[in-house]
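One file, coords36.cif, is given below (mmCIF, C-alpha atoms and all ligand atoms).
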```
data_query
loop_
_atom_site.label_atom_id
_atom_site.label_comp_id
_atom_site.auth_asym_id
_atom_site.auth_seq_id
_atom_site.Cartn_x
_atom_site.Cartn_y
_atom_site.Cartn_z
CA MET A 1 -6.49 4.41 -5.41
CA PRO A 2 -3.56 3.66 -4.61
CA GLU A 3 -3.70 5.46 -1.26
CA LEU A 4 -1.26 5.51 1.67
CA PRO A 5 -1.46 1.76 2.51
CA GLU A 6 -1.01 0.68 -1.12
CA VAL A 7 1.91 3.04 -1.78
CA GLU A 8 3.53 2.03 1.52
CA THR A 9 3.19 -1.61 0.43
CA MET A 10 4.85 -0.82 -2.91
CA VAL A 11 7.76 0.91 -1.14
CA ARG A 12 8.27 -1.98 1.29
CA GLY A 13 7.99 -4.45 -1.58
CA ILE A 14 10.66 -2.91 -3.79
CA ASP A 15 12.96 -1.76 -0.96
CA PRO A 16 15.06 -4.98 -0.82
CA VAL A 17 16.00 -4.67 -4.51
CA VAL A 18 16.29 -0.86 -4.68
CA ARG A 19 17.97 0.50 -1.54
CA GLY A 20 21.74 0.79 -1.84
CA ARG A 21 21.70 -0.24 -5.50
CA GLN A 22 23.28 1.53 -8.42
CA VAL A 23 21.21 2.52 -11.46
CA VAL A 24 22.46 0.67 -14.55
CA ALA A 25 19.77 1.75 -17.02
CA ILE A 26 16.33 3.31 -17.20
CA SER A 27 14.34 2.47 -20.30
CA GLU A 28 10.93 3.07 -21.76
CA CYS A 29 8.88 -0.04 -22.46
CA PRO A 30 7.33 -0.41 -25.89
CA THR A 31 3.62 0.34 -25.54
CA ALA A 32 0.79 1.60 -27.72
CA CYS A 33 -0.60 3.59 -24.79
CA LYS A 34 -0.40 7.34 -24.47
CA PRO A 35 2.94 8.39 -22.96
CA LEU A 36 3.37 8.96 -19.23
CA THR A 37 4.19 12.34 -17.77
CA VAL A 38 7.96 12.22 -17.28
CA VAL A 39 9.58 15.44 -16.05
CA PRO A 40 11.89 16.89 -17.26
CA GLY A 41 12.11 13.99 -19.76
CA LEU A 42 13.49 10.48 -19.96
CA PRO A 43 16.86 11.46 -21.50
CA GLU A 44 17.48 13.99 -18.72
CA ILE A 45 16.52 11.45 -16.05
CA GLN A 46 18.79 8.83 -17.60
CA LYS A 47 21.67 11.29 -17.70
CA ALA A 48 21.16 12.32 -14.07
CA LEU A 49 20.62 8.88 -12.53
CA VAL A 50 22.51 6.23 -14.48
CA GLY A 51 25.62 5.29 -12.49
CA GLN A 52 24.21 6.83 -9.30
CA THR A 53 23.34 4.98 -6.10
CA ILE A 54 19.89 4.96 -4.50
CA ARG A 55 20.33 5.83 -0.85
CA ALA A 56 16.76 5.02 0.20
CA VAL A 57 13.25 4.44 -1.10
CA VAL A 58 10.47 5.99 0.99
CA ARG A 59 6.80 6.88 0.82
CA ILE A 60 5.95 10.58 0.90
CA GLY A 61 2.17 11.05 0.87
CA LYS A 62 1.02 8.90 -2.06
CA ARG A 63 4.38 8.97 -3.87
CA VAL A 64 7.20 6.44 -4.12
CA VAL A 65 10.37 8.47 -3.63
CA TRP A 66 13.91 7.43 -4.49
CA GLN A 67 16.46 9.45 -2.56
CA MET A 68 19.70 9.35 -4.48
CA ALA A 69 23.17 9.45 -2.94
CA ASN A 70 23.90 12.55 -5.06
CA GLU A 71 20.92 14.35 -3.41
CA LEU A 72 18.66 14.17 -6.46
CA THR A 73 15.13 12.85 -5.87
CA LEU A 74 13.02 10.72 -8.20
CA ALA A 75 9.33 10.82 -7.27
CA ILE A 76 6.92 8.33 -8.83
CA GLU A 77 3.25 9.08 -8.26
CA PRO A 78 1.02 6.09 -9.15
CA ARG A 79 -2.16 8.26 -9.17
CA MET A 80 -5.07 6.05 -10.32
CA THR A 81 -3.62 2.78 -11.61
CA GLY A 82 0.18 2.92 -11.31
CA LEU A 83 2.19 0.10 -9.73
CA MET A 84 5.81 -0.44 -8.76
CA LEU A 85 6.73 -4.06 -9.36
CA ARG A 86 9.72 -6.31 -8.91
CA SER A 87 8.21 -9.34 -10.60
CA ASP A 88 6.09 -10.17 -13.65
CA PRO A 89 3.51 -7.45 -14.36
CA PRO A 90 -0.27 -7.98 -14.62
CA ASP A 91 0.20 -7.56 -18.38
CA GLU A 92 2.99 -6.38 -20.67
CA ALA A 93 0.85 -3.92 -22.63
CA HIS A 94 0.85 -1.37 -19.82
CA LEU A 95 4.48 -1.61 -18.72
CA ARG A 96 5.91 1.90 -18.86
CA LEU A 97 9.42 2.07 -17.42
CA ARG A 98 12.11 -0.45 -16.60
CA PHE A 99 14.82 0.26 -14.04
CA ASP A 100 17.90 -1.98 -14.17
CA LEU A 101 19.82 -1.86 -10.89
CA LYS A 102 22.86 -3.58 -9.45
CA LEU A 103 24.65 -4.20 -6.18
CA GLY A 104 28.07 -5.70 -6.88
CA LYS A 105 27.25 -8.60 -9.19
CA ALA A 106 23.62 -8.86 -8.10
CA ARG A 107 21.21 -7.43 -10.66
CA SER A 108 17.62 -6.44 -10.13
CA ILE A 109 14.82 -5.04 -12.26
CA VAL A 110 11.99 -2.81 -11.08
CA TRP A 111 9.05 -1.86 -13.29
CA PHE A 112 6.58 0.96 -13.36
CA TRP A 113 3.28 -0.32 -14.75
CA ASP A 114 0.25 1.89 -15.30
CA ARG A 115 -3.01 0.85 -16.97
CA ARG A 116 -4.54 4.30 -17.38
CA GLY A 117 -1.23 6.10 -17.65
CA LEU A 118 -2.10 8.98 -15.32
CA GLY A 119 0.93 8.32 -13.13
CA THR A 120 3.85 10.73 -13.12
CA VAL A 121 7.61 10.36 -12.83
CA LYS A 122 9.53 13.47 -11.82
CA LEU A 123 13.15 14.26 -11.13
CA TYR A 124 13.94 16.95 -8.57
CA GLN A 125 17.20 18.82 -8.00
CA PRO A 126 18.75 18.78 -4.49
CA GLY A 127 16.36 20.46 -2.05
CA GLU A 128 13.69 21.02 -4.71
CA PHE A 129 11.39 18.16 -3.65
CA GLU A 130 11.40 19.34 -0.04
CA GLN A 131 10.57 22.90 -1.09
CA THR A 132 8.00 22.35 -3.80
CA VAL A 133 6.24 19.14 -2.78
CA ILE A 134 6.68 18.63 0.96
CA GLY A 135 6.55 22.35 1.72
CA GLN A 136 3.65 23.28 -0.56
CA LEU A 137 1.62 20.37 -1.91
CA LEU A 138 1.51 18.08 1.12
CA GLY A 139 0.27 18.48 4.67
CA THR A 140 1.36 16.30 7.58
CA ASP A 141 1.47 12.59 6.79
CA ALA A 142 -1.72 10.89 7.96
CA LEU A 143 0.28 8.44 10.09
CA SER A 144 2.07 11.30 11.87
CA MET A 145 -1.07 13.23 12.84
CA THR A 146 -1.93 13.68 16.53
CA ALA A 147 -5.21 14.50 18.26
CA SER A 148 -4.15 18.09 18.89
CA HIS A 149 -3.14 18.47 15.25
CA TRP A 150 -6.57 17.15 14.17
CA GLN A 151 -8.22 19.52 16.60
CA LYS A 152 -6.48 22.55 15.06
CA LEU A 153 -7.10 21.38 11.51
CA CYS A 154 -10.81 20.71 12.07
CA ALA A 155 -11.43 23.90 14.05
CA ALA A 156 -10.11 25.93 11.12
CA THR A 157 -12.70 24.91 8.53
CA ASP A 158 -16.44 24.40 8.05
CA ARG A 159 -15.84 22.05 5.12
CA PRO A 160 -17.37 18.58 5.47
CA ILE A 161 -15.00 16.30 7.37
CA LYS A 162 -14.67 13.84 4.49
CA VAL A 163 -13.67 16.62 2.07
CA LEU A 164 -11.05 17.77 4.59
CA LEU A 165 -9.66 14.22 4.88
CA LEU A 166 -9.08 14.18 1.10
CA ASP A 167 -7.26 17.54 1.03
CA GLN A 168 -3.62 16.51 0.57
CA LYS A 169 -2.42 20.00 1.48
CA ARG A 170 -3.88 19.52 4.96
CA VAL A 171 -3.17 15.84 5.57
CA ALA A 172 -1.28 13.60 3.17
CA GLY A 173 -2.06 10.02 2.18
CA ILE A 174 -5.80 9.48 2.70
CA GLY A 175 -7.94 8.97 -0.40
CA ASN A 176 -11.59 8.26 -1.11
CA LEU A 177 -11.69 4.65 0.02
CA TYR A 178 -9.99 4.99 3.40
CA ALA A 179 -11.77 8.28 4.18
CA SER A 180 -15.13 6.45 4.09
CA GLU A 181 -13.80 3.55 6.16
CA ILE A 182 -12.18 5.81 8.78
CA LEU A 183 -15.34 7.90 9.27
CA HIS A 184 -17.49 4.80 9.62
CA ALA A 185 -15.13 3.36 12.24
CA ALA A 186 -15.16 6.69 14.12
CA GLN A 187 -18.98 6.97 13.80
CA ILE A 188 -18.78 10.40 12.19
CA HIS A 189 -21.14 11.46 9.39
CA PRO A 190 -19.06 12.35 6.28
CA ALA A 191 -20.98 15.61 5.71
CA VAL A 192 -20.56 17.03 9.21
CA PRO A 193 -18.66 20.35 9.17
CA ALA A 194 -15.14 19.67 10.45
CA SER A 195 -15.39 22.56 12.91
CA SER A 196 -18.40 21.00 14.64
CA LEU A 197 -16.69 17.73 15.64
CA THR A 198 -16.84 17.15 19.40
CA PRO A 199 -13.64 16.55 21.39
CA LYS A 200 -14.63 12.90 21.66
CA GLN A 201 -15.09 12.64 17.89
CA ILE A 202 -11.65 14.21 17.34
CA LEU A 203 -10.13 11.53 19.56
CA GLU A 204 -11.99 8.80 17.66
CA LEU A 205 -10.90 10.25 14.31
CA ASP A 206 -7.28 10.40 15.47
CA ARG A 207 -7.41 6.81 16.69
CA PHE A 208 -9.08 5.31 13.62
CA VAL A 209 -6.98 7.14 11.02
CA ARG A 210 -3.97 5.37 12.46
CA SER A 211 -5.56 2.00 13.15
CA ILE A 212 -7.31 1.66 9.77
CA LEU A 213 -4.28 2.75 7.75
CA GLN A 214 -1.90 0.58 9.74
CA THR A 215 -4.15 -2.45 9.48
CA ALA A 216 -4.53 -1.88 5.75
CA ILE A 217 -0.72 -1.80 5.43
CA GLU A 218 -0.53 -5.13 7.29
CA TYR A 219 -3.03 -6.54 4.77
CA GLU A 220 -0.95 -5.03 1.90
CA GLY A 221 -3.72 -2.71 0.78
CA SER A 222 -7.06 -3.13 -0.98
CA THR A 223 -7.53 -4.75 -4.37
CA LEU A 224 -10.94 -3.65 -5.65
CA GLY A 225 -13.22 -5.38 -8.12
CA ASP A 226 -11.26 -4.09 -11.12
CA GLY A 227 -8.23 -6.01 -9.80
CA THR A 228 -5.85 -3.19 -10.71
CA TYR A 229 -3.94 -2.74 -7.47
CA ARG A 230 -1.22 -5.37 -6.86
CA ASN A 231 1.70 -5.44 -4.47
CA ALA A 232 5.31 -5.40 -5.70
CA LEU A 233 5.15 -9.15 -6.36
CA ASN A 234 1.96 -8.82 -8.47
CA GLN A 235 -0.26 -10.25 -5.71
CA SER A 236 -3.60 -8.87 -4.51
CA GLY A 237 -3.90 -7.01 -1.23
CA SER A 238 -6.49 -8.37 1.17
CA TYR A 239 -7.87 -5.38 3.09
CA GLN A 240 -10.88 -5.21 0.72
CA ASN A 241 -12.33 -8.11 2.75
CA ALA A 242 -12.34 -5.88 5.83
CA HIS A 243 -14.15 -2.93 4.21
CA GLN A 244 -17.23 -1.96 6.19
CA VAL A 245 -18.84 0.62 3.89
CA TYR A 246 -16.78 1.28 0.75
CA ALA A 247 -18.68 0.01 -2.32
CA ARG A 248 -21.12 -1.85 -0.05
CA VAL A 249 -24.35 0.04 -0.84
CA GLY A 250 -27.41 -1.83 0.44
CA GLU A 251 -25.39 -4.22 2.60
CA LEU A 252 -26.05 -4.22 6.33
CA CYS A 253 -23.77 -2.34 8.71
CA GLN A 254 -21.92 -4.85 10.86
CA ARG A 255 -22.14 -2.51 13.85
CA CYS A 256 -25.79 -1.40 13.88
CA GLY A 257 -27.58 -3.34 11.13
CA GLY A 258 -28.33 -0.16 9.15
CA SER A 259 -28.29 -0.23 5.36
CA ILE A 260 -25.12 1.27 3.80
CA GLU A 261 -25.80 4.28 1.58
CA ARG A 262 -23.87 6.25 -1.03
CA PHE A 263 -23.89 9.92 -1.92
CA VAL A 264 -21.63 12.26 -3.87
CA GLN A 265 -19.41 14.81 -2.13
CA ALA A 266 -17.05 17.07 -4.07
CA GLN A 267 -17.50 14.81 -7.13
CA ARG A 268 -16.46 11.72 -5.17
CA ALA A 269 -18.60 8.80 -4.01
CA THR A 270 -19.01 8.64 -0.24
CA PHE A 271 -20.23 5.53 1.57
CA PHE A 272 -21.66 5.58 5.09
CA CYS A 273 -24.16 4.01 7.48
CA PRO A 274 -27.12 6.30 8.33
CA GLY A 275 -27.73 4.23 11.47
CA CYS A 276 -24.47 4.91 13.30
CA GLN A 277 -23.04 7.96 11.47
CA VAL A 278 -25.59 10.61 12.39
CA ILE A 279 -25.40 14.42 12.09
CA GLY A 280 -26.43 16.50 15.07
CA LYS A 281 -28.15 13.75 17.06
CA GLN A 282 -27.10 11.37 19.77
CA ARG A 283 -25.80 8.14 18.36
CA LYS A 284 -27.68 4.99 19.18
CA ARG A 285 -25.05 3.44 21.39
ZN ZN B 1 -24.17 1.36 11.30
#
```
Could you render the structure as structure tokens?
Amino acid sequence: MPELPEVETMVRGIDPVVRGRQVVAISECPTACKPLTVVPGLPEIQKALVGQTIRAVVRIGKRVVWQMANELTLAIEPRMTGLMLRSDPPDEAHLRLRFDLKLGKARSIVWFWDRRGLGTVKLYQPGEFEQTVIGQLLGTDALSMTASHWQKLCAATDRPIKVLLLDQKRVAGIGNLYASEILHAAQIHPAVPASSLTPKQILELDRFVRSILQTAIEYEGSTLGDGTYRNALNQSGSYQNAHQVYARVGELCQRCGGSIERFVQAQRATFFCPGCQVIGKQRKR
């Protein structure tokens, strides 16, 4: 958490007060928490960005990316509990950075808030972000994948399909929550080797990656029981109400009536329905 839908919601939420604006100041908020990872460092970021104009704010994988008019890039990765906000934060104790922006006489403030403080803020020189992050750390964006791309990706590995979905170098943006939901919708068992998916399952995977992520964006993401994730206006998302399997152990599958189960894959909790996500057997319907 936050995954593609939540980060996309943050980007859309701050866009009206960030795009085309000039950076007036960037300041650290007083906090007793351990410091964030800021690279190369706040003074260097201030020196590079104050006075500069933000050409665009976009989502790249699970990062909020400010593309500056001078070709520098500021990438903010919320990781576990980070938020980009343009209104009052959930609390002041975990406010980390404040960005003062202006457009003519109009002023705006954007905050980076992070409860656990695992988020990162990094400045990249012209061309550096494309080379080091897009070119090396991130695969194709999940929303840009096609069936033939999935076919090639899956054919190339015997790793369990859910583990493949979480591999950001192969496909960018999907995390633990949406991987479970996508595989349930596509009726694919999370442990099935990617290379053994049938052509029909590849088509289902392709279809539900897009439809689940796009629907979750429309609902402004998922706010789980801990309440951490908020949109840019400090409001909850509402896609959690549509979850079919994630964190629903023991509840009944709405498709087949099976009982939702949990197991651990690559150190991450996986949720699935043993009734309609079956390995190596014909499904019931
Ligand atoms: Zn089921």
Please produce, as CSV, a per-residue contact table for chain A versus ligand ZN 1 (chain B) (criterion: any atom at most 6 Å away, only C-alpha atoms and all ligand atoms considered), showing the nearest atom pair and its distance in Å to one decimal, sorted by chain then residue number.
```
residue,atom,partner,partner_atom,distance
A:Cys253,CA,B:ZN1,ZN,4.5
A:Arg255,CA,B:ZN1,ZN,5.1
A:Cys256,CA,B:ZN1,ZN,4.1
A:Gly257,CA,B:ZN1,ZN,5.8
A:Gly258,CA,B:ZN1,ZN,4.9
A:Cys273,CA,B:ZN1,ZN,4.6
A:Gly275,CA,B:ZN1,ZN,4.6
A:Cys276,CA,B:ZN1,ZN,4.1
```
Open item on the list: I'd like to know which of A:Leu123, A:Ile202, A:Leu97, A:Ile279 is closest to Pro190 of chain A, using all atoms listed in the file.
Closed with: A:Ile279
TODO: Using atom CA of Thr223 of chain A and atom CA of Val133 of chain A as the two end points, give the distance in Å to one decimal.
DONE: 27.6 Å
TODO: Could you give me, as a ChimeraX atom specification, the residues that sit within 7 Å of (-10.7, 12.3, 2.8) in the file's coordinates, counting all atoms listed in the file?
DONE: /A:162-167,174-176,179
Open item on the list: Give me the residues near Asp141 of chain A as a count of residues only, where near means some atom within 10 Å (using all atoms listed in the file) and where sequence neighbours in that chain fewer than 4 positions away do not count.
Closed with: 14
Task: Residue with smallest distance to Asn234 of chain A - pool A:Val57, A:Cys154, A:Leu83, A:Ala216, counting all atoms listed in the file - done: A:Leu83
Exercise on segment 174-181 of chain A, axis-aligned box with 6 Å per side, report centre and edge lengths in Å to one decimal, as AutoDock Vina command-line options:
```
--center_x -10.5 --center_y 6.5 --center_z 2.5 --size_x 21.3 --size_y 17.9 --size_z 19.3
```
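Atom pair atom CA of Ala147 of chain A / atom CA of Arg79 of chain A: separated by 28.3 Å.
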Task: Close residues, segment 88-94 of chain A itself excluded, 9 Å, only C-alpha atoms, min 5 positions apart in chain, as a list in words - done: Cys29, Pro30, Thr31, Ala32, Cys33, Leu83, Trp111, Phe112, Trp113, Asp114, Arg115, Arg116, Gly117, Thr228, Arg230, Leu233 and Asn234 of chain A
- [ ] State, in Å with one decimal place, the distance from atom CA of Arg159 of chain A to atom CA of Ile182 of chain A.
- [x] 17.0 Å
TODO: Within 12 Å of Val11 of chain A, counting all atoms listed in the file, which residues show up once you throw out same-chain ones fewer than 6 positions away? Write them as a ChimeraX atom specification, please.
DONE: /A:4-5,17-19,56-66,75-78,83-86,110,217,220,231-233
- [ ] Kindly indicate which residue among A:Ala266, A:Val249, A:Ile260, A:Leu95 lies nearest to Pro160 of chain A, using all atoms listed in the file for the distances.
- [x]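 Counting all atoms listed in the file, the residue closest to Pro160 of chain A is A:Ala266.
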- [ ] Pick out the closest residue to Trp150 of chain A from this set: A:Gln235, A:Thr198, A:Gln187, A:Thr120. Count only C-alpha atoms.
- [x]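 Checking each candidate against Trp150 of chain A, we get A:Thr198 as the closest.
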Task: Selected residue, from A:Gln125, A:Ser211, A:Gln22, A:Thr53, that lies nearest to Glu181 of chain A when counting only C-alpha atoms - done: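 For Glu181 of chain A, the nearest of the given residues is A:Ser211.
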Task: Minimum-distance residue to Tyr229 of chain A, chosen among A:Leu74, A:Met80, A:Val39, A:Ala155 (using all atoms listed in the file) - done: A:Met80
Output segment 160-194 of chain A from the block with N, CA and C atoms, as a PDB file, in the first residue's frame?
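Once everything was written out, this is part.pdb:
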```pdb
ATOM      1  N   PRO A 160       5.373 -18.500  -9.350  1.00  0.00           N
ATOM      2  CA  PRO A 160       3.924 -18.388  -9.160  1.00  0.00           C
ATOM      3  C   PRO A 160       3.411 -17.066  -9.732  1.00  0.00           C
ATOM      4  N   ILE A 161       2.224 -17.100 -10.315  1.00  0.00           N
ATOM      5  CA  ILE A 161       1.701 -15.915 -10.990  1.00  0.00           C
ATOM      6  C   ILE A 161       1.594 -14.719 -10.054  1.00  0.00           C
ATOM      7  N   LYS A 162       1.226 -14.957  -8.774  1.00  0.00           N
ATOM      8  CA  LYS A 162       1.100 -13.792  -7.889  1.00  0.00           C
ATOM      9  C   LYS A 162       2.454 -13.144  -7.629  1.00  0.00           C
ATOM     10  N   VAL A 163       3.511 -13.972  -7.498  1.00  0.00           N
ATOM     11  CA  VAL A 163       4.848 -13.424  -7.277  1.00  0.00           C
ATOM     12  C   VAL A 163       5.289 -12.613  -8.500  1.00  0.00           C
ATOM     13  N   LEU A 164       4.947 -13.096  -9.688  1.00  0.00           N
ATOM     14  CA  LEU A 164       5.263 -12.347 -10.909  1.00  0.00           C
ATOM     15  C   LEU A 164       4.532 -10.995 -10.932  1.00  0.00           C
ATOM     16  N   LEU A 165       3.263 -10.993 -10.523  1.00  0.00           N
ATOM     17  CA  LEU A 165       2.498  -9.735 -10.538  1.00  0.00           C
ATOM     18  C   LEU A 165       3.127  -8.669  -9.641  1.00  0.00           C
ATOM     19  N   LEU A 166       3.823  -9.118  -8.570  1.00  0.00           N
ATOM     20  CA  LEU A 166       4.423  -8.162  -7.634  1.00  0.00           C
ATOM     21  C   LEU A 166       5.815  -7.700  -8.063  1.00  0.00           C
ATOM     22  N   ASP A 167       6.380  -8.302  -9.098  1.00  0.00           N
ATOM     23  CA  ASP A 167       7.743  -7.981  -9.528  1.00  0.00           C
ATOM     24  C   ASP A 167       7.733  -6.701 -10.357  1.00  0.00           C
ATOM     25  N   GLN A 168       8.109  -5.590  -9.723  1.00  0.00           N
ATOM     26  CA  GLN A 168       8.017  -4.276 -10.382  1.00  0.00           C
ATOM     27  C   GLN A 168       8.908  -4.175 -11.609  1.00  0.00           C
ATOM     28  N   LYS A 169       9.953  -5.005 -11.666  1.00  0.00           N
ATOM     29  CA  LYS A 169      10.824  -4.967 -12.855  1.00  0.00           C
ATOM     30  C   LYS A 169      10.137  -5.585 -14.068  1.00  0.00           C
ATOM     31  N   ARG A 170       9.103  -6.376 -13.838  1.00  0.00           N
ATOM     32  CA  ARG A 170       8.378  -6.993 -14.946  1.00  0.00           C
ATOM     33  C   ARG A 170       7.134  -6.188 -15.306  1.00  0.00           C
ATOM     34  N   VAL A 171       6.383  -5.806 -14.266  1.00  0.00           N
ATOM     35  CA  VAL A 171       5.175  -5.012 -14.498  1.00  0.00           C
ATOM     36  C   VAL A 171       5.025  -4.063 -13.304  1.00  0.00           C
ATOM     37  N   ALA A 172       4.851  -2.776 -13.601  1.00  0.00           N
ATOM     38  CA  ALA A 172       4.922  -1.759 -12.558  1.00  0.00           C
ATOM     39  C   ALA A 172       3.543  -1.337 -12.069  1.00  0.00           C
ATOM     40  N   GLY A 173       3.381  -1.274 -10.758  1.00  0.00           N
ATOM     41  CA  GLY A 173       2.191  -0.657 -10.170  1.00  0.00           C
ATOM     42  C   GLY A 173       1.339  -1.565  -9.309  1.00  0.00           C
ATOM     43  N   ILE A 174       1.401  -2.896  -9.550  1.00  0.00           N
ATOM     44  CA  ILE A 174       0.543  -3.808  -8.786  1.00  0.00           C
ATOM     45  C   ILE A 174       1.246  -4.180  -7.483  1.00  0.00           C
ATOM     46  N   GLY A 175       0.519  -4.150  -6.387  1.00  0.00           N
ATOM     47  CA  GLY A 175       1.055  -4.572  -5.094  1.00  0.00           C
ATOM     48  C   GLY A 175       0.234  -5.720  -4.550  1.00  0.00           C
ATOM     49  N   ASN A 176       0.434  -6.007  -3.274  1.00  0.00           N
ATOM     50  CA  ASN A 176      -0.123  -7.219  -2.666  1.00  0.00           C
ATOM     51  C   ASN A 176      -1.648  -7.273  -2.676  1.00  0.00           C
ATOM     52  N   LEU A 177      -2.260  -6.135  -2.412  1.00  0.00           N
ATOM     53  CA  LEU A 177      -3.724  -6.106  -2.324  1.00  0.00           C
ATOM     54  C   LEU A 177      -4.365  -6.383  -3.687  1.00  0.00           C
ATOM     55  N   TYR A 178      -3.973  -5.589  -4.688  1.00  0.00           N
ATOM     56  CA  TYR A 178      -4.631  -5.732  -5.994  1.00  0.00           C
ATOM     57  C   TYR A 178      -4.241  -7.023  -6.703  1.00  0.00           C
ATOM     58  N   ALA A 179      -3.055  -7.577  -6.398  1.00  0.00           N
ATOM     59  CA  ALA A 179      -2.691  -8.869  -6.993  1.00  0.00           C
ATOM     60  C   ALA A 179      -3.698  -9.940  -6.569  1.00  0.00           C
ATOM     61  N   SER A 180      -4.052  -9.976  -5.294  1.00  0.00           N
ATOM     62  CA  SER A 180      -5.035 -10.965  -4.821  1.00  0.00           C
ATOM     63  C   SER A 180      -6.398 -10.738  -5.473  1.00  0.00           C
ATOM     64  N   GLU A 181      -6.817  -9.487  -5.551  1.00  0.00           N
ATOM     65  CA  GLU A 181      -8.131  -9.187  -6.128  1.00  0.00           C
ATOM     66  C   GLU A 181      -8.183  -9.524  -7.629  1.00  0.00           C
ATOM     67  N   ILE A 182      -7.119  -9.207  -8.341  1.00  0.00           N
ATOM     68  CA  ILE A 182      -7.073  -9.474  -9.794  1.00  0.00           C
ATOM     69  C   ILE A 182      -7.153 -10.983 -10.053  1.00  0.00           C
ATOM     70  N   LEU A 183      -6.372 -11.765  -9.284  1.00  0.00           N
ATOM     71  CA  LEU A 183      -6.355 -13.216  -9.533  1.00  0.00           C
ATOM     72  C   LEU A 183      -7.689 -13.860  -9.164  1.00  0.00           C
ATOM     73  N   HIS A 184      -8.345 -13.334  -8.147  1.00  0.00           N
ATOM     74  CA  HIS A 184      -9.675 -13.861  -7.829  1.00  0.00           C
ATOM     75  C   HIS A 184     -10.647 -13.554  -8.967  1.00  0.00           C
ATOM     76  N   ALA A 185     -10.628 -12.328  -9.452  1.00  0.00           N
ATOM     77  CA  ALA A 185     -11.537 -11.953 -10.544  1.00  0.00           C
ATOM     78  C   ALA A 185     -11.286 -12.814 -11.783  1.00  0.00           C
ATOM     79  N   ALA A 186     -10.007 -13.128 -12.039  1.00  0.00           N
ATOM     80  CA  ALA A 186      -9.650 -13.907 -13.235  1.00  0.00           C
ATOM     81  C   ALA A 186      -9.763 -15.415 -12.985  1.00  0.00           C
ATOM     82  N   GLN A 187     -10.114 -15.812 -11.777  1.00  0.00           N
ATOM     83  CA  GLN A 187     -10.233 -17.232 -11.395  1.00  0.00           C
ATOM     84  C   GLN A 187      -8.947 -17.997 -11.664  1.00  0.00           C
ATOM     85  N   ILE A 188      -7.840 -17.404 -11.184  1.00  0.00           N
ATOM     86  CA  ILE A 188      -6.526 -18.046 -11.319  1.00  0.00           C
ATOM     87  C   ILE A 188      -5.957 -18.255  -9.919  1.00  0.00           C
ATOM     88  N   HIS A 189      -5.491 -19.481  -9.635  1.00  0.00           N
ATOM     89  CA  HIS A 189      -4.893 -19.749  -8.325  1.00  0.00           C
ATOM     90  C   HIS A 189      -3.569 -18.988  -8.216  1.00  0.00           C
ATOM     91  N   PRO A 190      -3.327 -18.298  -7.081  1.00  0.00           N
ATOM     92  CA  PRO A 190      -2.125 -17.457  -6.951  1.00  0.00           C
ATOM     93  C   PRO A 190      -0.815 -18.239  -7.060  1.00  0.00           C
ATOM     94  N   ALA A 191      -0.846 -19.540  -6.766  1.00  0.00           N
ATOM     95  CA  ALA A 191       0.399 -20.322  -6.756  1.00  0.00           C
ATOM     96  C   ALA A 191       0.684 -20.989  -8.089  1.00  0.00           C
ATOM     97  N   VAL A 192      -0.186 -20.851  -9.065  1.00  0.00           N
ATOM     98  CA  VAL A 192       0.016 -21.538 -10.334  1.00  0.00           C
ATOM     99  C   VAL A 192       1.262 -20.960 -11.034  1.00  0.00           C
ATOM    100  N   PRO A 193       2.147 -21.825 -11.569  1.00  0.00           N
ATOM    101  CA  PRO A 193       3.312 -21.283 -12.278  1.00  0.00           C
ATOM    102  C   PRO A 193       2.857 -20.419 -13.457  1.00  0.00           C
ATOM    103  N   ALA A 194       3.460 -19.246 -13.593  1.00  0.00           N
ATOM    104  CA  ALA A 194       3.017 -18.314 -14.648  1.00  0.00           C
ATOM    105  C   ALA A 194       3.039 -18.984 -16.020  1.00  0.00           C
TER     106      ALA A 194
END
```
